[in-house]
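Text of my_file.cif (mmCIF, N, CA and C atoms) as supplied:
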data_query
loop_
_atom_site.label_atom_id
_atom_site.label_comp_id
_atom_site.auth_asym_id
_atom_site.auth_seq_id
_atom_site.Cartn_x
_atom_site.Cartn_y
_atom_site.Cartn_z
N MET B 1 3.48 -23.00 -20.60
CA MET B 1 3.03 -22.37 -21.83
C MET B 1 4.24 -21.69 -22.48
N GLU B 2 4.46 -21.97 -23.72
CA GLU B 2 5.60 -21.40 -24.43
C GLU B 2 5.18 -20.12 -25.14
N PRO B 3 6.10 -19.12 -25.16
CA PRO B 3 5.76 -17.90 -25.90
C PRO B 3 5.60 -18.20 -27.38
N GLN B 4 4.66 -17.54 -27.99
CA GLN B 4 4.43 -17.73 -29.41
C GLN B 4 5.29 -16.76 -30.19
N SER B 5 5.83 -17.22 -31.28
CA SER B 5 6.65 -16.38 -32.14
C SER B 5 5.76 -15.73 -33.18
N ASN B 6 5.81 -14.43 -33.25
CA ASN B 6 5.04 -13.69 -34.22
C ASN B 6 5.97 -12.66 -34.86
N PRO B 7 6.38 -12.88 -36.11
CA PRO B 7 7.33 -11.97 -36.73
C PRO B 7 6.85 -10.52 -36.80
N SER B 8 5.54 -10.31 -36.80
CA SER B 8 5.05 -8.93 -36.89
C SER B 8 5.27 -8.17 -35.59
N THR B 9 5.54 -8.87 -34.49
CA THR B 9 5.78 -8.20 -33.22
C THR B 9 7.24 -8.25 -32.80
N ALA B 10 8.12 -8.77 -33.67
CA ALA B 10 9.53 -8.84 -33.33
C ALA B 10 10.12 -7.44 -33.26
N TYR B 11 11.06 -7.26 -32.38
CA TYR B 11 11.75 -5.98 -32.24
C TYR B 11 13.15 -6.26 -31.71
N HIS B 12 13.98 -5.26 -31.72
CA HIS B 12 15.36 -5.38 -31.25
C HIS B 12 15.51 -4.61 -29.94
N PRO B 13 15.47 -5.32 -28.82
CA PRO B 13 15.58 -4.63 -27.53
C PRO B 13 17.02 -4.16 -27.30
N ILE B 14 17.16 -3.17 -26.45
CA ILE B 14 18.48 -2.75 -25.99
C ILE B 14 18.81 -3.66 -24.81
N GLN B 15 19.88 -4.41 -24.92
CA GLN B 15 20.29 -5.30 -23.84
C GLN B 15 21.72 -4.96 -23.45
N LEU B 16 21.92 -4.74 -22.18
CA LEU B 16 23.24 -4.44 -21.64
C LEU B 16 23.60 -5.54 -20.66
N GLU B 17 24.52 -6.38 -21.03
CA GLU B 17 24.91 -7.50 -20.17
C GLU B 17 26.14 -7.12 -19.35
N GLY B 18 26.23 -7.64 -18.14
CA GLY B 18 27.39 -7.43 -17.29
C GLY B 18 27.58 -5.99 -16.85
N LEU B 19 26.50 -5.28 -16.69
CA LEU B 19 26.58 -3.84 -16.38
C LEU B 19 27.40 -3.53 -15.13
N PHE B 20 27.33 -4.37 -14.12
CA PHE B 20 28.08 -4.08 -12.90
C PHE B 20 29.55 -4.46 -13.03
N GLN B 21 29.94 -4.97 -14.19
CA GLN B 21 31.36 -5.20 -14.51
C GLN B 21 31.79 -4.27 -15.64
N ILE B 22 31.10 -3.14 -15.80
CA ILE B 22 31.32 -2.23 -16.92
C ILE B 22 32.76 -1.70 -16.98
N GLU B 23 33.44 -1.63 -15.85
CA GLU B 23 34.81 -1.14 -15.86
C GLU B 23 35.70 -2.00 -16.75
N LYS B 24 35.38 -3.29 -16.86
CA LYS B 24 36.19 -4.21 -17.65
C LYS B 24 36.08 -3.96 -19.15
N PHE B 25 34.94 -3.42 -19.61
CA PHE B 25 34.76 -3.21 -21.05
C PHE B 25 34.42 -1.77 -21.40
N GLN B 26 34.65 -0.83 -20.48
CA GLN B 26 34.29 0.57 -20.72
C GLN B 26 34.98 1.18 -21.93
N ASP B 27 36.17 0.71 -22.28
CA ASP B 27 36.88 1.28 -23.42
C ASP B 27 36.32 0.81 -24.75
N GLN B 28 35.39 -0.12 -24.73
CA GLN B 28 34.73 -0.58 -25.96
C GLN B 28 33.47 0.24 -26.27
N ILE B 29 33.12 1.15 -25.37
CA ILE B 29 31.91 1.97 -25.53
C ILE B 29 32.29 3.25 -26.26
N PRO B 30 31.52 3.66 -27.28
CA PRO B 30 31.83 4.90 -28.02
C PRO B 30 31.38 6.16 -27.25
N TRP B 31 32.16 6.57 -26.29
CA TRP B 31 31.86 7.74 -25.45
C TRP B 31 31.99 9.02 -26.27
N LYS B 32 31.21 10.03 -25.89
CA LYS B 32 31.31 11.37 -26.48
C LYS B 32 31.42 12.39 -25.34
N PRO B 33 32.07 13.51 -25.56
CA PRO B 33 32.16 14.55 -24.52
C PRO B 33 30.77 15.04 -24.10
N PHE B 34 30.60 15.27 -22.80
CA PHE B 34 29.33 15.77 -22.27
C PHE B 34 29.55 17.06 -21.49
N ARG B 35 30.31 16.99 -20.43
CA ARG B 35 30.74 18.12 -19.62
C ARG B 35 32.23 17.91 -19.37
N GLU B 36 32.90 18.93 -18.85
CA GLU B 36 34.32 18.77 -18.58
C GLU B 36 34.54 17.59 -17.63
N GLY B 37 35.32 16.60 -18.08
CA GLY B 37 35.61 15.43 -17.26
C GLY B 37 34.53 14.38 -17.25
N VAL B 38 33.46 14.57 -18.04
CA VAL B 38 32.35 13.62 -18.08
C VAL B 38 32.04 13.29 -19.54
N GLU B 39 31.91 11.99 -19.82
CA GLU B 39 31.57 11.52 -21.16
C GLU B 39 30.22 10.83 -21.12
N ILE B 40 29.59 10.74 -22.29
CA ILE B 40 28.25 10.17 -22.38
C ILE B 40 28.15 9.19 -23.54
N HIS B 41 27.31 8.19 -23.36
CA HIS B 41 26.94 7.27 -24.45
C HIS B 41 25.43 7.13 -24.39
N HIS B 42 24.73 7.69 -25.37
CA HIS B 42 23.26 7.63 -25.40
C HIS B 42 22.79 6.24 -25.80
N LEU B 43 21.87 5.69 -25.04
CA LEU B 43 21.26 4.40 -25.36
C LEU B 43 20.01 4.61 -26.21
N TYR B 44 19.22 5.63 -25.86
CA TYR B 44 18.10 6.08 -26.69
C TYR B 44 17.81 7.51 -26.32
N GLY B 45 17.17 8.23 -27.22
CA GLY B 45 16.92 9.65 -27.02
C GLY B 45 18.20 10.43 -27.16
N ASP B 46 18.05 11.75 -27.24
CA ASP B 46 19.22 12.61 -27.41
C ASP B 46 19.48 13.51 -26.21
N GLY B 47 18.61 13.44 -25.19
CA GLY B 47 18.79 14.27 -24.01
C GLY B 47 18.29 15.69 -24.18
N ASN B 48 17.77 16.02 -25.37
CA ASN B 48 17.28 17.38 -25.61
C ASN B 48 15.77 17.50 -25.53
N GLU B 49 15.08 16.39 -25.83
CA GLU B 49 13.62 16.37 -25.67
C GLU B 49 13.16 14.94 -25.53
N GLY B 50 12.09 14.76 -24.79
CA GLY B 50 11.54 13.43 -24.58
C GLY B 50 12.39 12.59 -23.66
N PRO B 51 11.98 11.36 -23.45
CA PRO B 51 12.72 10.46 -22.56
C PRO B 51 14.05 10.05 -23.20
N SER B 52 15.00 9.71 -22.33
CA SER B 52 16.29 9.25 -22.82
C SER B 52 16.97 8.41 -21.75
N ALA B 53 17.95 7.65 -22.19
CA ALA B 53 18.78 6.87 -21.28
C ALA B 53 20.21 6.94 -21.80
N ALA B 54 21.15 7.00 -20.87
CA ALA B 54 22.55 7.12 -21.26
C ALA B 54 23.46 6.56 -20.17
N LEU B 55 24.64 6.16 -20.59
CA LEU B 55 25.72 5.85 -19.66
C LEU B 55 26.56 7.11 -19.55
N LEU B 56 26.95 7.46 -18.33
CA LEU B 56 27.83 8.60 -18.09
C LEU B 56 29.08 8.11 -17.39
N ARG B 57 30.23 8.55 -17.89
CA ARG B 57 31.50 8.17 -17.27
C ARG B 57 32.20 9.43 -16.76
N TYR B 58 32.36 9.48 -15.43
CA TYR B 58 33.01 10.60 -14.76
C TYR B 58 34.49 10.27 -14.52
N GLN B 59 35.38 11.18 -14.88
CA GLN B 59 36.79 11.04 -14.53
C GLN B 59 36.95 11.43 -13.06
N LYS B 60 38.11 11.21 -12.48
CA LYS B 60 38.36 11.61 -11.08
C LYS B 60 38.14 13.11 -10.93
N ALA B 61 37.45 13.48 -9.88
CA ALA B 61 37.14 14.87 -9.52
C ALA B 61 36.23 15.58 -10.52
N ALA B 62 35.55 14.84 -11.38
CA ALA B 62 34.63 15.46 -12.35
C ALA B 62 33.36 15.92 -11.67
N LYS B 63 32.81 17.00 -12.21
CA LYS B 63 31.59 17.60 -11.66
C LYS B 63 30.56 17.80 -12.76
N VAL B 64 29.30 17.75 -12.39
CA VAL B 64 28.21 18.18 -13.25
C VAL B 64 27.54 19.33 -12.52
N SER B 65 27.45 20.47 -13.20
CA SER B 65 26.96 21.69 -12.57
C SER B 65 25.48 21.59 -12.19
N LEU B 66 25.04 22.58 -11.45
CA LEU B 66 23.67 22.63 -10.94
C LEU B 66 22.67 22.50 -12.09
N HIS B 67 21.74 21.57 -11.91
CA HIS B 67 20.70 21.36 -12.90
C HIS B 67 19.39 20.99 -12.20
N GLU B 68 18.29 21.21 -12.92
CA GLU B 68 16.96 20.92 -12.39
C GLU B 68 16.33 19.82 -13.21
N HIS B 69 15.65 18.91 -12.54
CA HIS B 69 14.97 17.81 -13.22
C HIS B 69 13.58 18.24 -13.64
N GLN B 70 13.31 18.15 -14.93
CA GLN B 70 12.00 18.51 -15.47
C GLN B 70 11.02 17.34 -15.35
N GLY B 71 11.57 16.14 -15.22
CA GLY B 71 10.80 14.91 -15.02
C GLY B 71 11.60 14.01 -14.10
N TYR B 72 11.14 12.81 -13.90
CA TYR B 72 11.88 11.87 -13.04
C TYR B 72 13.22 11.51 -13.67
N GLU B 73 14.23 11.40 -12.82
CA GLU B 73 15.54 10.94 -13.22
C GLU B 73 15.89 9.72 -12.37
N HIS B 74 16.30 8.64 -13.02
CA HIS B 74 16.72 7.42 -12.33
C HIS B 74 18.21 7.25 -12.60
N ILE B 75 19.00 7.13 -11.54
CA ILE B 75 20.44 6.95 -11.66
C ILE B 75 20.82 5.66 -10.95
N ILE B 76 21.52 4.78 -11.66
CA ILE B 76 22.10 3.59 -11.05
C ILE B 76 23.61 3.73 -11.15
N VAL B 77 24.29 3.76 -10.02
CA VAL B 77 25.74 3.83 -10.02
C VAL B 77 26.26 2.42 -10.29
N LEU B 78 26.97 2.28 -11.41
CA LEU B 78 27.47 0.97 -11.83
C LEU B 78 28.86 0.68 -11.30
N SER B 79 29.67 1.72 -11.17
CA SER B 79 31.01 1.58 -10.59
C SER B 79 31.41 2.92 -9.98
N GLY B 80 32.27 2.87 -8.98
CA GLY B 80 32.71 4.10 -8.32
C GLY B 80 31.62 4.69 -7.44
N SER B 81 31.62 6.01 -7.31
CA SER B 81 30.62 6.70 -6.50
C SER B 81 30.49 8.14 -6.95
N GLN B 82 29.37 8.74 -6.59
CA GLN B 82 29.16 10.17 -6.83
C GLN B 82 28.45 10.76 -5.62
N ARG B 83 28.59 12.07 -5.48
CA ARG B 83 28.07 12.75 -4.30
C ARG B 83 27.32 14.01 -4.72
N ASP B 84 26.22 14.28 -3.99
CA ASP B 84 25.53 15.56 -4.09
C ASP B 84 25.16 16.00 -2.68
N GLN B 85 24.29 16.99 -2.55
CA GLN B 85 23.94 17.52 -1.22
C GLN B 85 23.22 16.50 -0.35
N ASN B 86 22.74 15.41 -0.94
CA ASN B 86 22.04 14.37 -0.18
C ASN B 86 22.97 13.27 0.32
N GLY B 87 24.23 13.29 -0.11
CA GLY B 87 25.18 12.28 0.33
C GLY B 87 25.83 11.56 -0.82
N GLU B 88 26.50 10.46 -0.49
CA GLU B 88 27.26 9.70 -1.48
C GLU B 88 26.47 8.48 -1.93
N ALA B 89 26.48 8.24 -3.24
CA ALA B 89 25.85 7.06 -3.82
C ALA B 89 26.96 6.15 -4.32
N LEU B 90 27.05 4.96 -3.74
CA LEU B 90 28.08 3.99 -4.10
C LEU B 90 27.57 3.06 -5.20
N ALA B 91 28.49 2.28 -5.80
CA ALA B 91 28.12 1.31 -6.82
C ALA B 91 26.99 0.42 -6.30
N GLY B 92 25.99 0.20 -7.14
CA GLY B 92 24.84 -0.60 -6.77
C GLY B 92 23.67 0.22 -6.24
N THR B 93 23.85 1.53 -6.12
CA THR B 93 22.80 2.41 -5.59
C THR B 93 21.90 2.93 -6.70
N LEU B 94 20.60 2.87 -6.46
CA LEU B 94 19.60 3.50 -7.33
C LEU B 94 19.12 4.76 -6.64
N THR B 95 19.19 5.88 -7.35
CA THR B 95 18.66 7.14 -6.84
C THR B 95 17.61 7.63 -7.82
N ILE B 96 16.44 8.01 -7.31
CA ILE B 96 15.38 8.56 -8.15
C ILE B 96 15.16 10.00 -7.70
N ASN B 97 15.43 10.93 -8.61
CA ASN B 97 15.23 12.35 -8.34
C ASN B 97 13.92 12.79 -8.98
N PRO B 98 12.97 13.31 -8.17
CA PRO B 98 11.67 13.71 -8.71
C PRO B 98 11.73 15.04 -9.46
N PRO B 99 10.70 15.31 -10.27
CA PRO B 99 10.63 16.58 -10.99
C PRO B 99 10.73 17.76 -10.04
N GLY B 100 11.42 18.80 -10.50
CA GLY B 100 11.54 20.03 -9.72
C GLY B 100 12.72 20.05 -8.77
N THR B 101 13.41 18.93 -8.59
CA THR B 101 14.57 18.91 -7.70
C THR B 101 15.81 19.38 -8.43
N ARG B 102 16.76 19.91 -7.66
CA ARG B 102 18.00 20.44 -8.21
C ARG B 102 19.18 19.86 -7.46
N HIS B 103 20.26 19.64 -8.17
CA HIS B 103 21.51 19.25 -7.51
C HIS B 103 22.67 19.42 -8.46
N GLU B 104 23.87 19.38 -7.89
CA GLU B 104 25.09 19.29 -8.68
C GLU B 104 25.83 18.07 -8.16
N LEU B 105 26.65 17.48 -9.01
CA LEU B 105 27.28 16.21 -8.68
C LEU B 105 28.79 16.32 -8.74
N LEU B 106 29.44 15.51 -7.91
CA LEU B 106 30.89 15.38 -7.89
C LEU B 106 31.22 13.90 -7.75
N SER B 107 32.19 13.46 -8.54
CA SER B 107 32.70 12.10 -8.37
C SER B 107 34.19 12.21 -8.07
N GLU B 108 34.53 12.09 -6.80
CA GLU B 108 35.92 12.26 -6.39
C GLU B 108 36.85 11.22 -7.01
N ALA B 109 36.43 9.96 -7.02
CA ALA B 109 37.28 8.87 -7.53
C ALA B 109 36.93 8.48 -8.96
N GLY B 110 35.86 9.06 -9.52
CA GLY B 110 35.36 8.68 -10.83
C GLY B 110 34.27 7.64 -10.69
N CYS B 111 33.40 7.55 -11.69
CA CYS B 111 32.32 6.57 -11.65
C CYS B 111 31.71 6.42 -13.03
N ILE B 112 30.90 5.38 -13.17
CA ILE B 112 30.08 5.17 -14.36
C ILE B 112 28.66 4.95 -13.86
N VAL B 113 27.70 5.67 -14.45
CA VAL B 113 26.30 5.55 -14.04
C VAL B 113 25.42 5.31 -15.25
N LEU B 114 24.29 4.67 -15.01
CA LEU B 114 23.21 4.57 -15.98
C LEU B 114 22.18 5.62 -15.57
N ALA B 115 21.89 6.55 -16.49
CA ALA B 115 20.92 7.61 -16.22
C ALA B 115 19.72 7.45 -17.15
N ILE B 116 18.52 7.42 -16.56
CA ILE B 116 17.29 7.31 -17.33
C ILE B 116 16.45 8.53 -16.99
N TYR B 117 16.15 9.33 -18.02
CA TYR B 117 15.44 10.59 -17.83
C TYR B 117 14.07 10.54 -18.48
N GLU B 118 13.05 10.93 -17.72
CA GLU B 118 11.70 11.06 -18.27
C GLU B 118 11.65 12.25 -19.22
N LYS B 119 12.30 13.34 -18.82
CA LYS B 119 12.39 14.57 -19.61
C LYS B 119 13.82 15.10 -19.44
N PRO B 120 14.28 15.94 -20.37
CA PRO B 120 15.63 16.48 -20.24
C PRO B 120 15.81 17.29 -18.98
N VAL B 121 17.06 17.37 -18.52
CA VAL B 121 17.36 18.23 -17.38
C VAL B 121 17.65 19.63 -17.89
N LYS B 122 17.46 20.61 -17.01
CA LYS B 122 17.71 22.01 -17.35
C LYS B 122 18.93 22.47 -16.56
N PHE B 123 20.02 22.78 -17.26
CA PHE B 123 21.22 23.27 -16.57
C PHE B 123 21.02 24.74 -16.23
N LEU B 124 21.38 25.08 -14.99
CA LEU B 124 21.14 26.43 -14.47
C LEU B 124 22.41 27.27 -14.48
#
File written out as structure tokens:
Amino acid sequence: MEPQSNPSTAYHPIQLEGLFQIEKFQDQIPWKPFREGVEIHHLYGDGNEGPSAALLRYQKAAKVSLHEHQGYEHIIVLSGSQRDQNGEALAGTLTINPPGTRHELLSEAGCIVLAIYEKPVKFL
């Protein structure tokens, strides 16, 4: 069965190809400052209210200070690694942090992650 084309339901999806090779094209992404040593590129949402998704690029030894998750947070490490009190997440790792959890992050060697937030995080 072939999908039917209906112009009234057409939309423009966000498609990210070659995500696990992001290091090769990271300089083509319009990054903006987020925290010291960390840059962000919003895919949707602004991170201030409602759901959002963003790419985060950590420089070597970059940290994100203690924050609390107001909703579910999904993190996929695309390159490099990051560490919190639960251990190190290497490239290819999916971490889901439930609402009410807190952590701070460090990326010793630098990394790029895809972060999907149900609700904004609260920095403490």
Would you mind listing what lies within 9 Å of range 61-77 of chain B as a VMD selection string, with only C-alpha atoms counted and same-chain residues fewer than 3 positions away left out? chain B and resid 20 35 to 38 51 58 80 to 82 89 to 124
Problem set entry | Which of range 19-118 of chain B fall in strand (DSSP E), as a ChimeraX atom specification | /B:32-35,38-44,52-58,62-69,73-84,87-90,94-97,102-107,111-117
Margin query: I'd like to know which of B:Arg83, B:Gly50, B:Leu78, B:Lys60 is closest to Leu19 in chain B, using only C-alpha atoms.
Written below: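 Among the listed residues, B:Leu78 lies closest to Leu19 in chain B.
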Exercise for the section: Rank nothing, just name the residue among B:His42, B:Gly47, B:Arg57, B:Asn86 nearest to Asp27 in chain B, using only C-alpha atoms. Expected result: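 Distance minimum relative to Asp27 in chain B lands on B:Arg57.
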- So which bits of chain B end up helix (DSSP H, G or I) when you DSSP the backbone, as a ChimeraX atom specification? /B:7-9,19-24,26-28
Export, as a compact mmCIF listing (two decimals), keeping the file's coordinate frame, the selected residues with N, CA and C atoms.
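Contents of out34.txt, freshly written:
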# COMPACT_ATOMS: atom_id res chain seq x y z
N PRO B 7 6.38 -12.88 -36.11
CA PRO B 7 7.33 -11.97 -36.73
C PRO B 7 6.85 -10.52 -36.80
N SER B 8 5.54 -10.31 -36.80
CA SER B 8 5.05 -8.93 -36.89
C SER B 8 5.27 -8.17 -35.59
N THR B 9 5.54 -8.87 -34.49
CA THR B 9 5.78 -8.20 -33.22
C THR B 9 7.24 -8.25 -32.80
N LEU B 19 26.50 -5.28 -16.69
CA LEU B 19 26.58 -3.84 -16.38
C LEU B 19 27.40 -3.53 -15.13
N PHE B 20 27.33 -4.37 -14.12
CA PHE B 20 28.08 -4.08 -12.90
C PHE B 20 29.55 -4.46 -13.03
N GLN B 21 29.94 -4.97 -14.19
CA GLN B 21 31.36 -5.20 -14.51
C GLN B 21 31.79 -4.27 -15.64
N ILE B 22 31.10 -3.14 -15.80
CA ILE B 22 31.32 -2.23 -16.92
C ILE B 22 32.76 -1.70 -16.98
N GLU B 23 33.44 -1.63 -15.85
CA GLU B 23 34.81 -1.14 -15.86
C GLU B 23 35.70 -2.00 -16.75
N LYS B 24 35.38 -3.29 -16.86
CA LYS B 24 36.19 -4.21 -17.65
C LYS B 24 36.08 -3.96 -19.15
N GLN B 26 34.65 -0.83 -20.48
CA GLN B 26 34.29 0.57 -20.72
C GLN B 26 34.98 1.18 -21.93
N ASP B 27 36.17 0.71 -22.28
CA ASP B 27 36.88 1.28 -23.42
C ASP B 27 36.32 0.81 -24.75
N GLN B 28 35.39 -0.12 -24.73
CA GLN B 28 34.73 -0.58 -25.96
C GLN B 28 33.47 0.24 -26.27
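Nearest to Trp31 in chain B of all the residues B:Asn48, B:Leu55, B:Pro13, B:Gln85 is B:Leu55, based on all atoms listed in the file.
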